[in-house]
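Data block below; observations after.
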Amino acid sequence: MTAAFAAALLVPASAVAAPADQGRAGPGVADAAGSGTLPIRGLDLDASTIPELQERMDAGELTAVQLTGAYLARIAAVNDDLGAVLSLNPEALRDAADSDRTRQRNQPRGPLEGIPVLLKDNVDTEQLPTTAGSRAMLDSRPDDAEITRRLRDAGAIVLGKANLSEWANLRGSASSSGWSGVGGQTANPYVLDRNPCGSSSGSAVGVAASLAQVAIGTETDGSIVCPAGANGVIGVKPTLGLVSRSGIVPISAEQDTAGPMARHAVDAALVLEVLAGSDDADAATAEIPADLDTGFADLDLDALEGARIGVWTLTPEQSAAVDDRTEEVFAAAVKQIEAAGATAVPVQLAYQDEIGAGELPALLAEFKRDLNAYLAATPGDHPADLAGIIEFNEQDPVELAYFGQELLEQAQAATVPEEDPAIQETRDRIRTLARASIDEVLAQGAGPEDDLAAIVGLTNTPAWQTRYEYLDGQADAFVYSTSGPAAVAGYPNVTVPAGFAGPRDSLPVGVSFFGTRWDDARVLDIAADFEDQAAAREAPGYLPTVGADPQPDNPEPAT
């Protein structure tokens, strides 16, 4: 595939115009300061859930073409300010028309019939290149990933690709989340000079700003839950193996998973139902228990009643780093959990220093192994391996303009796990410790009545101002995270909006619920019950700035 052909496929969102008919929403309607209310019989994109949209389409009050056109109009109106949508599927409206014909024949394919979805641009689609944000990958020509096929089979309309932190944030040691060479910088829709976190930046912002009904993100450690928390949406990181990874640009098969991001828990649950299942090309999915409850959308909104929930409290050192207002949001969330009938049990998770010390060395070696395998299997004109990516970046005028590629270089210098027993031993050790850190806390006493149903922790602190190492001398300003144990253990983690903090209380803060392996349904139930109780989400305000704030030391960005 030629570069010109690839460029033609990568339809920039700024070039998109609203459809001329089918309920056109003009530029003045999709107000950048609004929630996305459009004049299609009062359709409010921000507030509408998938079940509500399906009811309207079944009743003939709305079509998939109208809904897709409404989202395309929204993208045309606000994406220039946000940089969330990297490219658009040129067949989206045609696919929507096919969906309408399917519905008219009373043959809907699944629960996502006619529902527009954005895919993080490390998920393969046959209609668009998969770049992982890298200009070196503009001429990739993949087939659909397994999860893309599942979405299409369920009737979903692939709107396009969402921007991301390039190479899922495993490129530079001082990267800026939400920046990629292909897509530029994604902005936080609540305050535009603030960072969206990453690496599923565009997926989170696209959902928060009503540029799609739902989106797919991926996580190795924090890359779904951090941007979801920072942008005030639901983010679901499933148990590793519940969702296929074949056809997704990897960091590590030992931690990677895809998962849904949505404004509403029921939407995320419906998408997870579609994504979950075995895939012969992904050995991890063979471990799904035969009797696993995958009816994720059958949510129990009384799940907190009578439950015992572990509250991962901040240490004195962490409390000193986290601002007081964010701690107040977390404390209020715990009170809401208790008001819903749960018992809150303060806990601390062990082994975190040991887990953290081993994670990056293992990931670097696994990244070299898994990325080289992906590149070798992906058609198109692109570098053949990690060494070729590094060489491309050294010659490209854009790729290294804002920060370096130290992590790529360290990965290239690493020995792959199959040739280094110490790396495999490190992986086995940190996985065992991460699982123990959660399971030991969940098992609180001698009997099952003493056990905890889940653990809740603070997902994020308010978004920092976006800065760049080579321009500003500093980059991402992470303060606190609870994503590590579930990420390394391969356990489920769901983040839910909990409130607002930061200057003028303008920036979203989330809380994360996580549990043991394969307990995705119960964790989702608890998260959905909390969402219902807290009702904390508000539509973005698109403020240009709320002023500067001090920048703390910069730990490793989320991957």
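Residues are referred to by chain and number: the chain letter is A, B, ... according to the order shown in the structure tokens, the number counts from 1 in that chain, and ligands are numbered separately from 1 in the order shown.
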Which neighbours of A:Ala321 fall inside 9 Å, counting only C-alpha atoms, when residues of the same chain fewer than 2 positions from it are skipped, and could you give them as a PDB file with N, CA, C and O atoms, in the first residue's frame?
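File produced: around33.pdb:
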ATOM      1  N   PRO A 316       0.591   7.882  54.701  1.00  0.00           N
ATOM      2  CA  PRO A 316       0.896   9.293  55.000  1.00  0.00           C
ATOM      3  C   PRO A 316       1.691   9.968  53.883  1.00  0.00           C
ATOM      4  O   PRO A 316       1.452  11.140  53.562  1.00  0.00           O
ATOM      5  N   GLU A 317       2.626   9.239  53.279  1.00  0.00           N
ATOM      6  CA  GLU A 317       3.410   9.832  52.192  1.00  0.00           C
ATOM      7  C   GLU A 317       2.538  10.106  50.968  1.00  0.00           C
ATOM      8  O   GLU A 317       2.672  11.150  50.312  1.00  0.00           O
ATOM      9  N   GLN A 318       1.662   9.176  50.649  1.00  0.00           N
ATOM     10  CA  GLN A 318       0.755   9.392  49.526  1.00  0.00           C
ATOM     11  C   GLN A 318      -0.225  10.522  49.810  1.00  0.00           C
ATOM     12  O   GLN A 318      -0.518  11.334  48.930  1.00  0.00           O
ATOM     13  N   SER A 319      -0.715  10.586  51.021  1.00  0.00           N
ATOM     14  CA  SER A 319      -1.643  11.647  51.386  1.00  0.00           C
ATOM     15  C   SER A 319      -0.995  13.011  51.261  1.00  0.00           C
ATOM     16  O   SER A 319      -1.648  13.993  50.885  1.00  0.00           O
ATOM     17  N   ASP A 323      -3.660  16.028  46.594  1.00  0.00           N
ATOM     18  CA  ASP A 323      -4.268  17.257  47.095  1.00  0.00           C
ATOM     19  C   ASP A 323      -5.478  16.948  47.974  1.00  0.00           C
ATOM     20  O   ASP A 323      -6.153  15.922  47.814  1.00  0.00           O
ATOM     21  N   VAL A 479       0.842  11.603  39.899  1.00  0.00           N
ATOM     22  CA  VAL A 479       0.936  11.736  41.349  1.00  0.00           C
ATOM     23  C   VAL A 479       0.623  10.421  42.042  1.00  0.00           C
ATOM     24  O   VAL A 479       1.338  10.001  42.951  1.00  0.00           O
ATOM     25  N   TYR A 480      -0.447   9.728  41.616  1.00  0.00           N
ATOM     26  CA  TYR A 480      -0.936   8.580  42.372  1.00  0.00           C
ATOM     27  C   TYR A 480      -1.730   7.672  41.452  1.00  0.00           C
ATOM     28  O   TYR A 480      -2.411   8.137  40.545  1.00  0.00           O
ATOM     29  N   PRO A 552       4.605  18.067  40.102  1.00  0.00           N
ATOM     30  CA  PRO A 552       5.416  17.178  40.933  1.00  0.00           C
ATOM     31  C   PRO A 552       6.391  16.367  40.099  1.00  0.00           C
ATOM     32  O   PRO A 552       6.400  16.429  38.871  1.00  0.00           O
TER      33      PRO A 552
END
Write out as an MDAnalysis selection string the set of residues from stretch 190-406 of chain A that DSSP, computed on the backbone, places in strand (DSSP E or B).
chainID A and resid 191 194 214:219 234:237 243 248 257:262 276 279 282 308:312 343:347 380
Mind dumping the selected residues with N, CA and C atoms as a JSON list (two decimals), in the first residue's frame?
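And here is the file that came out, again.json:
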[["chain", "number", "residue", "atom", "x", "y", "z"],
["A", 191, "VAL", "N", -10.85, 20.72, 30.62],
["A", 191, "VAL", "CA", -9.99, 21.91, 30.55],
["A", 191, "VAL", "C", -8.96, 21.62, 29.48],
["A", 194, "ARG", "N", -5.22, 20.79, 29.78],
["A", 194, "ARG", "CA", -4.89, 19.70, 30.69],
["A", 194, "ARG", "C", -4.77, 18.39, 29.91],
["A", 214, "VAL", "N", -19.53, 4.59, 22.37],
["A", 214, "VAL", "CA", -18.58, 3.82, 23.18],
["A", 214, "VAL", "C", -17.26, 3.78, 22.44],
["A", 215, "ALA", "N", -16.21, 3.38, 23.15],
["A", 215, "ALA", "CA", -14.90, 3.25, 22.53],
["A", 215, "ALA", "C", -14.19, 2.05, 23.12],
["A", 216, "ILE", "N", -13.19, 1.58, 22.37],
["A", 216, "ILE", "CA", -12.34, 0.50, 22.85],
["A", 216, "ILE", "C", -10.99, 1.09, 23.22],
["A", 217, "GLY", "N", -10.54, 0.78, 24.43],
["A", 217, "GLY", "CA", -9.20, 1.12, 24.87],
["A", 217, "GLY", "C", -8.41, -0.15, 25.10],
["A", 218, "THR", "N", -7.13, 0.00, 25.40],
["A", 218, "THR", "CA", -6.31, -1.13, 25.80],
["A", 218, "THR", "C", -5.50, -0.71, 27.02],
["A", 219, "GLU", "N", -5.14, -1.71, 27.83],
["A", 219, "GLU", "CA", -4.35, -1.42, 29.02],
["A", 219, "GLU", "C", -3.29, -2.47, 29.24],
["A", 234, "ILE", "N", -16.59, 5.79, 32.35],
["A", 234, "ILE", "CA", -16.40, 4.42, 32.81],
["A", 234, "ILE", "C", -15.28, 3.77, 31.99],
["A", 235, "GLY", "N", -14.37, 3.08, 32.66],
["A", 235, "GLY", "CA", -13.34, 2.32, 31.97],
["A", 235, "GLY", "C", -13.26, 0.93, 32.55],
["A", 236, "VAL", "N", -13.30, -0.09, 31.69],
["A", 236, "VAL", "CA", -13.30, -1.48, 32.14],
["A", 236, "VAL", "C", -12.04, -2.18, 31.63],
["A", 237, "LYS", "N", -11.17, -2.56, 32.57],
["A", 237, "LYS", "CA", -10.04, -3.43, 32.24],
["A", 237, "LYS", "C", -10.42, -4.84, 32.67],
["A", 243, "VAL", "N", -10.83, -11.25, 26.93],
["A", 243, "VAL", "CA", -10.98, -10.60, 25.63],
["A", 243, "VAL", "C", -9.75, -10.89, 24.79],
["A", 248, "ILE", "N", -4.05, -6.81, 17.84],
["A", 248, "ILE", "CA", -3.85, -5.58, 18.61],
["A", 248, "ILE", "C", -2.35, -5.38, 18.79],
["A", 257, "THR", "N", -4.62, -6.12, 27.70],
["A", 257, "THR", "CA", -6.00, -6.48, 27.41],
["A", 257, "THR", "C", -6.71, -5.28, 26.81],
["A", 258, "ALA", "N", -7.71, -5.54, 25.98],
["A", 258, "ALA", "CA", -8.61, -4.50, 25.51],
["A", 258, "ALA", "C", -9.82, -4.45, 26.43],
["A", 259, "GLY", "N", -10.51, -3.31, 26.41],
["A", 259, "GLY", "CA", -11.71, -3.18, 27.22],
["A", 259, "GLY", "C", -12.53, -1.97, 26.80],
["A", 260, "PRO", "N", -13.80, -1.93, 27.21],
["A", 260, "PRO", "CA", -14.69, -0.84, 26.80],
["A", 260, "PRO", "C", -14.54, 0.42, 27.65],
["A", 261, "MET", "N", -14.84, 1.55, 27.03],
["A", 261, "MET", "CA", -14.91, 2.84, 27.70],
["A", 261, "MET", "C", -16.23, 3.48, 27.28],
["A", 262, "ALA", "N", -16.95, 4.05, 28.24],
["A", 262, "ALA", "CA", -18.31, 4.51, 27.96],
["A", 262, "ALA", "C", -18.74, 5.56, 28.97],
["A", 276, "ALA", "N", -16.12, -10.43, 24.94],
["A", 276, "ALA", "CA", -15.64, -11.58, 25.69],
["A", 276, "ALA", "C", -15.80, -12.88, 24.90],
["A", 279, "ASP", "N", -10.62, -17.32, 21.56],
["A", 279, "ASP", "CA", -10.03, -17.07, 20.25],
["A", 279, "ASP", "C", -8.84, -18.00, 20.11],
["A", 282, "ASP", "N", -5.36, -16.61, 20.44],
["A", 282, "ASP", "CA", -4.89, -16.03, 21.70],
["A", 282, "ASP", "C", -5.03, -17.09, 22.79],
["A", 308, "ARG", "N", -19.10, -6.33, 51.60],
["A", 308, "ARG", "CA", -17.94, -5.80, 52.32],
["A", 308, "ARG", "C", -16.91, -5.36, 51.28],
["A", 309, "ILE", "N", -16.56, -4.08, 51.31],
["A", 309, "ILE", "CA", -15.68, -3.49, 50.30],
["A", 309, "ILE", "C", -14.41, -3.01, 50.98],
["A", 310, "GLY", "N", -13.27, -3.50, 50.51],
["A", 310, "GLY", "CA", -11.99, -3.01, 51.00],
["A", 310, "GLY", "C", -11.70, -1.63, 50.46],
["A", 311, "VAL", "N", -11.26, -0.74, 51.32],
["A", 311, "VAL", "CA", -10.92, 0.63, 50.92],
["A", 311, "VAL", "C", -9.41, 0.78, 51.00],
["A", 312, "TRP", "N", -8.76, 0.85, 49.85],
["A", 312, "TRP", "CA", -7.30, 0.99, 49.81],
["A", 312, "TRP", "C", -6.96, 2.42, 50.21],
["A", 343, "THR", "N", -20.33, -2.38, 53.80],
["A", 343, "THR", "CA", -19.40, -2.15, 54.90],
["A", 343, "THR", "C", -18.03, -1.85, 54.31],
["A", 344, "ALA", "N", -17.48, -0.69, 54.69],
["A", 344, "ALA", "CA", -16.16, -0.29, 54.21],
["A", 344, "ALA", "C", -15.09, -0.76, 55.18],
["A", 345, "VAL", "N", -14.09, -1.45, 54.65],
["A", 345, "VAL", "CA", -13.03, -2.03, 55.47],
["A", 345, "VAL", "C", -11.69, -1.45, 55.01],
["A", 346, "PRO", "N", -11.02, -0.62, 55.80],
["A", 346, "PRO", "CA", -9.73, -0.07, 55.37],
["A", 346, "PRO", "C", -8.71, -1.19, 55.16],
["A", 347, "VAL", "N", -7.96, -1.10, 54.06],
["A", 347, "VAL", "CA", -6.96, -2.12, 53.74],
["A", 347, "VAL", "C", -5.72, -1.46, 53.15],
["A", 380, "GLY", "N", 1.75, -4.92, 4.85],
["A", 380, "GLY", "CA", 1.94, -3.51, 4.58],
["A", 380, "GLY", "C", 3.41, -3.13, 4.49]]
Name all residues at most 10 Å from A:Asn195 (count only C-alpha atoms; drop same-chain ones fewer than 5 positions away) and give them as a PDB file with all heavy atoms, in the first residue's frame.
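File selection.pdb, as written:
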ATOM      1  N   SER A 176       4.754  12.510  26.835  1.00  0.00           N
ATOM      2  CA  SER A 176       3.543  13.278  27.148  1.00  0.00           C
ATOM      3  C   SER A 176       2.353  12.454  26.695  1.00  0.00           C
ATOM      4  O   SER A 176       2.201  12.146  25.510  1.00  0.00           O
ATOM      5  CB  SER A 176       3.553  14.633  26.438  1.00  0.00           C
ATOM      6  OG  SER A 176       4.592  15.450  26.949  1.00  0.00           O
ATOM      7  N   SER A 177       1.509  12.072  27.656  1.00  0.00           N
ATOM      8  CA  SER A 177       0.379  11.207  27.336  1.00  0.00           C
ATOM      9  C   SER A 177      -0.564  11.872  26.349  1.00  0.00           C
ATOM     10  O   SER A 177      -0.798  13.084  26.410  1.00  0.00           O
ATOM     11  CB  SER A 177      -0.380  10.843  28.615  1.00  0.00           C
ATOM     12  OG  SER A 177       0.380   9.977  29.424  1.00  0.00           O
ATOM     13  N   GLY A 178      -1.116  11.066  25.451  1.00  0.00           N
ATOM     14  CA  GLY A 178      -2.055  11.582  24.464  1.00  0.00           C
ATOM     15  C   GLY A 178      -1.399  12.185  23.245  1.00  0.00           C
ATOM     16  O   GLY A 178      -2.103  12.671  22.355  1.00  0.00           O
ATOM     17  N   TRP A 179      -0.060  12.131  23.142  1.00  0.00           N
ATOM     18  CA  TRP A 179       0.614  12.634  21.942  1.00  0.00           C
ATOM     19  C   TRP A 179       1.077  11.468  21.091  1.00  0.00           C
ATOM     20  O   TRP A 179       1.607  10.471  21.596  1.00  0.00           O
ATOM     21  CB  TRP A 179       1.834  13.479  22.295  1.00  0.00           C
ATOM     22  CG  TRP A 179       2.470  14.091  21.064  1.00  0.00           C
ATOM     23  CD1 TRP A 179       2.174  15.290  20.490  1.00  0.00           C
ATOM     24  CD2 TRP A 179       3.479  13.495  20.226  1.00  0.00           C
ATOM     25  NE1 TRP A 179       2.934  15.491  19.360  1.00  0.00           N
ATOM     26  CE2 TRP A 179       3.746  14.405  19.171  1.00  0.00           C
ATOM     27  CE3 TRP A 179       4.168  12.285  20.267  1.00  0.00           C
ATOM     28  CZ2 TRP A 179       4.683  14.142  18.175  1.00  0.00           C
ATOM     29  CZ3 TRP A 179       5.110  12.014  19.262  1.00  0.00           C
ATOM     30  CH2 TRP A 179       5.362  12.940  18.236  1.00  0.00           C
ATOM     31  N   GLN A 185      -1.524  15.970  19.643  1.00  0.00           N
ATOM     32  CA  GLN A 185      -1.872  15.951  21.062  1.00  0.00           C
ATOM     33  C   GLN A 185      -3.384  15.908  21.266  1.00  0.00           C
ATOM     34  O   GLN A 185      -4.121  16.720  20.707  1.00  0.00           O
ATOM     35  CB  GLN A 185      -1.319  17.193  21.761  1.00  0.00           C
ATOM     36  CG  GLN A 185      -1.620  17.260  23.247  1.00  0.00           C
ATOM     37  CD  GLN A 185      -0.935  16.146  24.030  1.00  0.00           C
ATOM     38  OE1 GLN A 185       0.278  15.965  23.925  1.00  0.00           O
ATOM     39  NE2 GLN A 185      -1.697  15.395  24.805  1.00  0.00           N
ATOM     40  N   THR A 186      -3.834  14.970  22.080  1.00  0.00           N
ATOM     41  CA  THR A 186      -5.222  14.936  22.524  1.00  0.00           C
ATOM     42  C   THR A 186      -5.359  15.787  23.779  1.00  0.00           C
ATOM     43  O   THR A 186      -4.495  15.749  24.666  1.00  0.00           O
ATOM     44  CB  THR A 186      -5.665  13.496  22.821  1.00  0.00           C
ATOM     45  OG1 THR A 186      -5.550  12.724  21.623  1.00  0.00           O
ATOM     46  CG2 THR A 186      -7.096  13.447  23.316  1.00  0.00           C
ATOM     47  N   ALA A 187      -6.449  16.559  23.857  1.00  0.00           N
ATOM     48  CA  ALA A 187      -6.687  17.459  24.983  1.00  0.00           C
ATOM     49  C   ALA A 187      -7.791  16.920  25.873  1.00  0.00           C
ATOM     50  O   ALA A 187      -8.705  16.218  25.425  1.00  0.00           O
ATOM     51  CB  ALA A 187      -7.067  18.852  24.478  1.00  0.00           C
ATOM     52  N   ASN A 188      -7.725  17.267  27.147  1.00  0.00           N
ATOM     53  CA  ASN A 188      -8.782  16.924  28.087  1.00  0.00           C
ATOM     54  C   ASN A 188      -9.986  17.826  27.825  1.00  0.00           C
ATOM     55  O   ASN A 188      -9.847  19.049  27.805  1.00  0.00           O
ATOM     56  CB  ASN A 188      -8.275  17.128  29.520  1.00  0.00           C
ATOM     57  CG  ASN A 188      -9.211  16.587  30.561  1.00  0.00           C
ATOM     58  OD1 ASN A 188     -10.377  16.956  30.614  1.00  0.00           O
ATOM     59  ND2 ASN A 188      -8.707  15.725  31.425  1.00  0.00           N
ATOM     60  N   PRO A 189     -11.186  17.288  27.607  1.00  0.00           N
ATOM     61  CA  PRO A 189     -12.323  18.139  27.232  1.00  0.00           C
ATOM     62  C   PRO A 189     -12.865  18.992  28.381  1.00  0.00           C
ATOM     63  O   PRO A 189     -13.628  19.916  28.127  1.00  0.00           O
ATOM     64  CB  PRO A 189     -13.373  17.128  26.764  1.00  0.00           C
ATOM     65  CG  PRO A 189     -13.062  15.890  27.538  1.00  0.00           C
ATOM     66  CD  PRO A 189     -11.565  15.870  27.656  1.00  0.00           C
ATOM     67  N   TYR A 190     -12.473  18.689  29.592  1.00  0.00           N
ATOM     68  CA  TYR A 190     -12.946  19.505  30.713  1.00  0.00           C
ATOM     69  C   TYR A 190     -12.167  20.810  30.789  1.00  0.00           C
ATOM     70  O   TYR A 190     -12.754  21.884  30.975  1.00  0.00           O
ATOM     71  CB  TYR A 190     -12.861  18.712  32.018  1.00  0.00           C
ATOM     72  CG  TYR A 190     -13.926  17.639  32.075  1.00  0.00           C
ATOM     73  CD1 TYR A 190     -13.720  16.399  31.486  1.00  0.00           C
ATOM     74  CD2 TYR A 190     -15.148  17.885  32.673  1.00  0.00           C
ATOM     75  CE1 TYR A 190     -14.707  15.418  31.498  1.00  0.00           C
ATOM     76  CE2 TYR A 190     -16.147  16.919  32.681  1.00  0.00           C
ATOM     77  CZ  TYR A 190     -15.914  15.688  32.098  1.00  0.00           C
ATOM     78  OH  TYR A 190     -16.902  14.736  32.099  1.00  0.00           O
ATOM     79  N   SER A 201      -5.998   7.641  25.332  1.00  0.00           N
ATOM     80  CA  SER A 201      -6.402   9.035  25.503  1.00  0.00           C
ATOM     81  C   SER A 201      -7.579   9.398  24.616  1.00  0.00           C
ATOM     82  O   SER A 201      -8.599   9.917  25.084  1.00  0.00           O
ATOM     83  CB  SER A 201      -5.212   9.952  25.199  1.00  0.00           C
ATOM     84  OG  SER A 201      -4.046   9.522  25.860  1.00  0.00           O
ATOM     85  N   PRO A 227      -6.982   7.281  31.866  1.00  0.00           N
ATOM     86  CA  PRO A 227      -7.704   8.238  31.026  1.00  0.00           C
ATOM     87  C   PRO A 227      -9.201   8.250  31.288  1.00  0.00           C
ATOM     88  O   PRO A 227      -9.840   9.304  31.176  1.00  0.00           O
ATOM     89  CB  PRO A 227      -7.372   7.807  29.598  1.00  0.00           C
ATOM     90  CG  PRO A 227      -6.825   6.431  29.700  1.00  0.00           C
ATOM     91  CD  PRO A 227      -6.215   6.311  31.059  1.00  0.00           C
ATOM     92  N   ALA A 230      -9.532  10.446  34.358  1.00  0.00           N
ATOM     93  CA  ALA A 230      -9.196  11.847  34.086  1.00  0.00           C
ATOM     94  C   ALA A 230     -10.224  12.538  33.214  1.00  0.00           C
ATOM     95  O   ALA A 230     -10.313  13.777  33.216  1.00  0.00           O
ATOM     96  CB  ALA A 230      -7.821  11.931  33.426  1.00  0.00           C
ATOM     97  N   ASN A 231     -11.009  11.766  32.468  1.00  0.00           N
ATOM     98  CA  ASN A 231     -11.993  12.338  31.546  1.00  0.00           C
ATOM     99  C   ASN A 231     -13.430  12.023  31.940  1.00  0.00           C
ATOM    100  O   ASN A 231     -14.353  12.231  31.152  1.00  0.00           O
ATOM    101  CB  ASN A 231     -11.715  11.862  30.126  1.00  0.00           C
ATOM    102  CG  ASN A 231     -10.387  12.378  29.598  1.00  0.00           C
ATOM    103  OD1 ASN A 231     -10.267  13.523  29.191  1.00  0.00           O
ATOM    104  ND2 ASN A 231      -9.363  11.525  29.646  1.00  0.00           N
ATOM    105  N   PRO A 462      -6.346  15.053  39.794  1.00  0.00           N
ATOM    106  CA  PRO A 462      -6.764  15.907  38.673  1.00  0.00           C
ATOM    107  C   PRO A 462      -5.699  16.009  37.590  1.00  0.00           C
ATOM    108  O   PRO A 462      -4.486  15.996  37.864  1.00  0.00           O
ATOM    109  CB  PRO A 462      -7.014  17.262  39.351  1.00  0.00           C
ATOM    110  CG  PRO A 462      -7.326  16.923  40.767  1.00  0.00           C
ATOM    111  CD  PRO A 462      -6.474  15.736  41.096  1.00  0.00           C
ATOM    112  N   ALA A 463      -6.158  16.131  36.363  1.00  0.00           N
ATOM    113  CA  ALA A 463      -5.257  16.165  35.213  1.00  0.00           C
ATOM    114  C   ALA A 463      -4.282  17.337  35.304  1.00  0.00           C
ATOM    115  O   ALA A 463      -4.648  18.449  35.694  1.00  0.00           O
ATOM    116  CB  ALA A 463      -6.070  16.269  33.923  1.00  0.00           C
ATOM    117  N   TRP A 464      -3.051  17.069  34.938  1.00  0.00           N
ATOM    118  CA  TRP A 464      -1.993  18.076  34.926  1.00  0.00           C
ATOM    119  C   TRP A 464      -2.008  18.832  33.602  1.00  0.00           C
ATOM    120  O   TRP A 464      -2.605  18.390  32.611  1.00  0.00           O
ATOM    121  CB  TRP A 464      -0.639  17.388  35.117  1.00  0.00           C
ATOM    122  CG  TRP A 464      -0.388  16.306  34.109  1.00  0.00           C
ATOM    123  CD1 TRP A 464       0.222  16.429  32.892  1.00  0.00           C
ATOM    124  CD2 TRP A 464      -0.779  14.927  34.212  1.00  0.00           C
ATOM    125  NE1 TRP A 464       0.239  15.228  32.230  1.00  0.00           N
ATOM    126  CE2 TRP A 464      -0.366  14.280  33.019  1.00  0.00           C
ATOM    127  CE3 TRP A 464      -1.428  14.171  35.190  1.00  0.00           C
ATOM    128  CZ2 TRP A 464      -0.584  12.929  32.789  1.00  0.00           C
ATOM    129  CZ3 TRP A 464      -1.645  12.814  34.966  1.00  0.00           C
ATOM    130  CH2 TRP A 464      -1.227  12.214  33.783  1.00  0.00           C
ATOM    131  N   GLN A 465      -1.323  19.970  33.561  1.00  0.00           N
ATOM    132  CA  GLN A 465      -1.185  20.685  32.292  1.00  0.00           C
ATOM    133  C   GLN A 465      -0.246  19.912  31.375  1.00  0.00           C
ATOM    134  O   GLN A 465       0.781  19.392  31.807  1.00  0.00           O
ATOM    135  CB  GLN A 465      -0.638  22.091  32.529  1.00  0.00           C
ATOM    136  CG  GLN A 465      -1.660  23.041  33.141  1.00  0.00           C
ATOM    137  CD  GLN A 465      -1.120  24.448  33.255  1.00  0.00           C
ATOM    138  OE1 GLN A 465      -0.160  24.691  33.971  1.00  0.00           O
ATOM    139  NE2 GLN A 465      -1.735  25.382  32.562  1.00  0.00           N
ATOM    140  N   THR A 466      -0.616  19.837  30.109  1.00  0.00           N
ATOM    141  CA  THR A 466       0.213  19.121  29.137  1.00  0.00           C
ATOM    142  C   THR A 466       1.496  19.895  28.886  1.00  0.00           C
ATOM    143  O   THR A 466       1.475  21.087  28.558  1.00  0.00           O
ATOM    144  CB  THR A 466      -0.551  18.929  27.821  1.00  0.00           C
ATOM    145  OG1 THR A 466      -1.703  18.106  28.065  1.00  0.00           O
ATOM    146  CG2 THR A 466       0.325  18.258  26.779  1.00  0.00           C
ATOM    147  N   ARG A 467       2.597  19.206  29.064  1.00  0.00           N
ATOM    148  CA  ARG A 467       3.916  19.788  28.820  1.00  0.00           C
ATOM    149  C   ARG A 467       4.778  18.755  28.090  1.00  0.00           C
ATOM    150  O   ARG A 467       4.462  17.570  28.073  1.00  0.00           O
ATOM    151  CB  ARG A 467       4.581  20.196  30.139  1.00  0.00           C
ATOM    152  CG  ARG A 467       3.926  21.393  30.835  1.00  0.00           C
ATOM    153  CD  ARG A 467       4.695  21.731  32.118  1.00  0.00           C
ATOM    154  NE  ARG A 467       4.305  23.010  32.659  1.00  0.00           N
ATOM    155  CZ  ARG A 467       3.340  23.191  33.556  1.00  0.00           C
ATOM    156  NH1 ARG A 467       2.643  22.155  33.990  1.00  0.00           N
ATOM    157  NH2 ARG A 467       3.060  24.395  34.022  1.00  0.00           N
ATOM    158  N   ASP A 476       4.727  14.403  31.635  1.00  0.00           N
ATOM    159  CA  ASP A 476       3.614  13.938  32.451  1.00  0.00           C
ATOM    160  C   ASP A 476       3.920  14.070  33.936  1.00  0.00           C
ATOM    161  O   ASP A 476       5.028  13.756  34.386  1.00  0.00           O
ATOM    162  CB  ASP A 476       3.292  12.481  32.131  1.00  0.00           C
ATOM    163  CG  ASP A 476       2.486  12.322  30.849  1.00  0.00           C
ATOM    164  OD1 ASP A 476       2.028  13.336  30.313  1.00  0.00           O
ATOM    165  OD2 ASP A 476       2.322  11.171  30.398  1.00  0.00           O
ATOM    166  N   ALA A 477       2.913  14.506  34.699  1.00  0.00           N
ATOM    167  CA  ALA A 477       3.089  14.766  36.130  1.00  0.00           C
ATOM    168  C   ALA A 477       2.175  13.852  36.936  1.00  0.00           C
ATOM    169  O   ALA A 477       1.228  14.308  37.573  1.00  0.00           O
ATOM    170  CB  ALA A 477       2.810  16.236  36.431  1.00  0.00           C
TER     171      ALA A 477
END
Nearby residues (only C-alpha atoms) at most 12 Å from A:Glu449, same-chain spacing under 3 positions excluded, as a ChimeraX atom specification:
/A:306-308,343,442-446,452-453
Where in stretch 186-361 of chain A does DSSP assign alpha helix (DSSP H), given as a ChimeraX atom specification?
/A:201-208,225-230,265-275,316-321,324-339,352-361
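With atom CA of A:Ala269 on one side and atom CA of A:Thr68 on the other, the separation reads 21.1 Å.
Here atom CA of A:Leu408 and atom CA of A:Pro250 stand 13.2 Å from one another.
The shell of residues at most 7 Å from stretch 481-493 of chain A, with only C-alpha atoms counted and near chain neighbours (fewer than 4 positions) removed, consists of Thr220, Asp221, Gly222, Val236, Lys237, Pro238, Thr239, Leu240, Gln255, Arg431, Ala434, Arg435, Gly457, Leu458, Thr459, Asn460, Ser512, Phe513, Phe514, Gly515, Thr516, Arg517, Asp519 and Asp520 of chain A.
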Restricting to only C-alpha atoms, whichever of A:Gly356, A:Pro540, A:Pro116, A:Pro111 is closest to A:Leu270 is A:Pro111
Fewer than 4 positions away in the same chain doesn't count, so skip those; otherwise give me all residues within 8 Å of A:Ser252, counting only C-alpha atoms, as number ranges by chain.
A: 220, 256, 363, 366-367, 370
Writing out the chosen residues with C-alpha atoms as a PDB file, in the first residue's frame:
ATOM      1  CA  THR A 220      -1.067  -2.834  30.125  1.00  0.00           C
ATOM      2  CA  ASP A 256      -2.242  -6.493  27.764  1.00  0.00           C
ATOM      3  CA  LEU A 363       7.658  -5.382  30.027  1.00  0.00           C
ATOM      4  CA  GLU A 366       8.239  -8.830  26.422  1.00  0.00           C
ATOM      5  CA  PHE A 367       7.602  -5.763  24.258  1.00  0.00           C
ATOM      6  CA  ASP A 370       5.665  -9.377  21.077  1.00  0.00           C
TER       7      ASP A 370
END
So which residues touch stretch 100-103 of chain A within 9 Å, counting only C-alpha atoms, skipping near sequence neighbours fewer than 5 positions away, as a PyMOL selection string?
chain A and resi 57-58+63-65+95+108-109+113-114
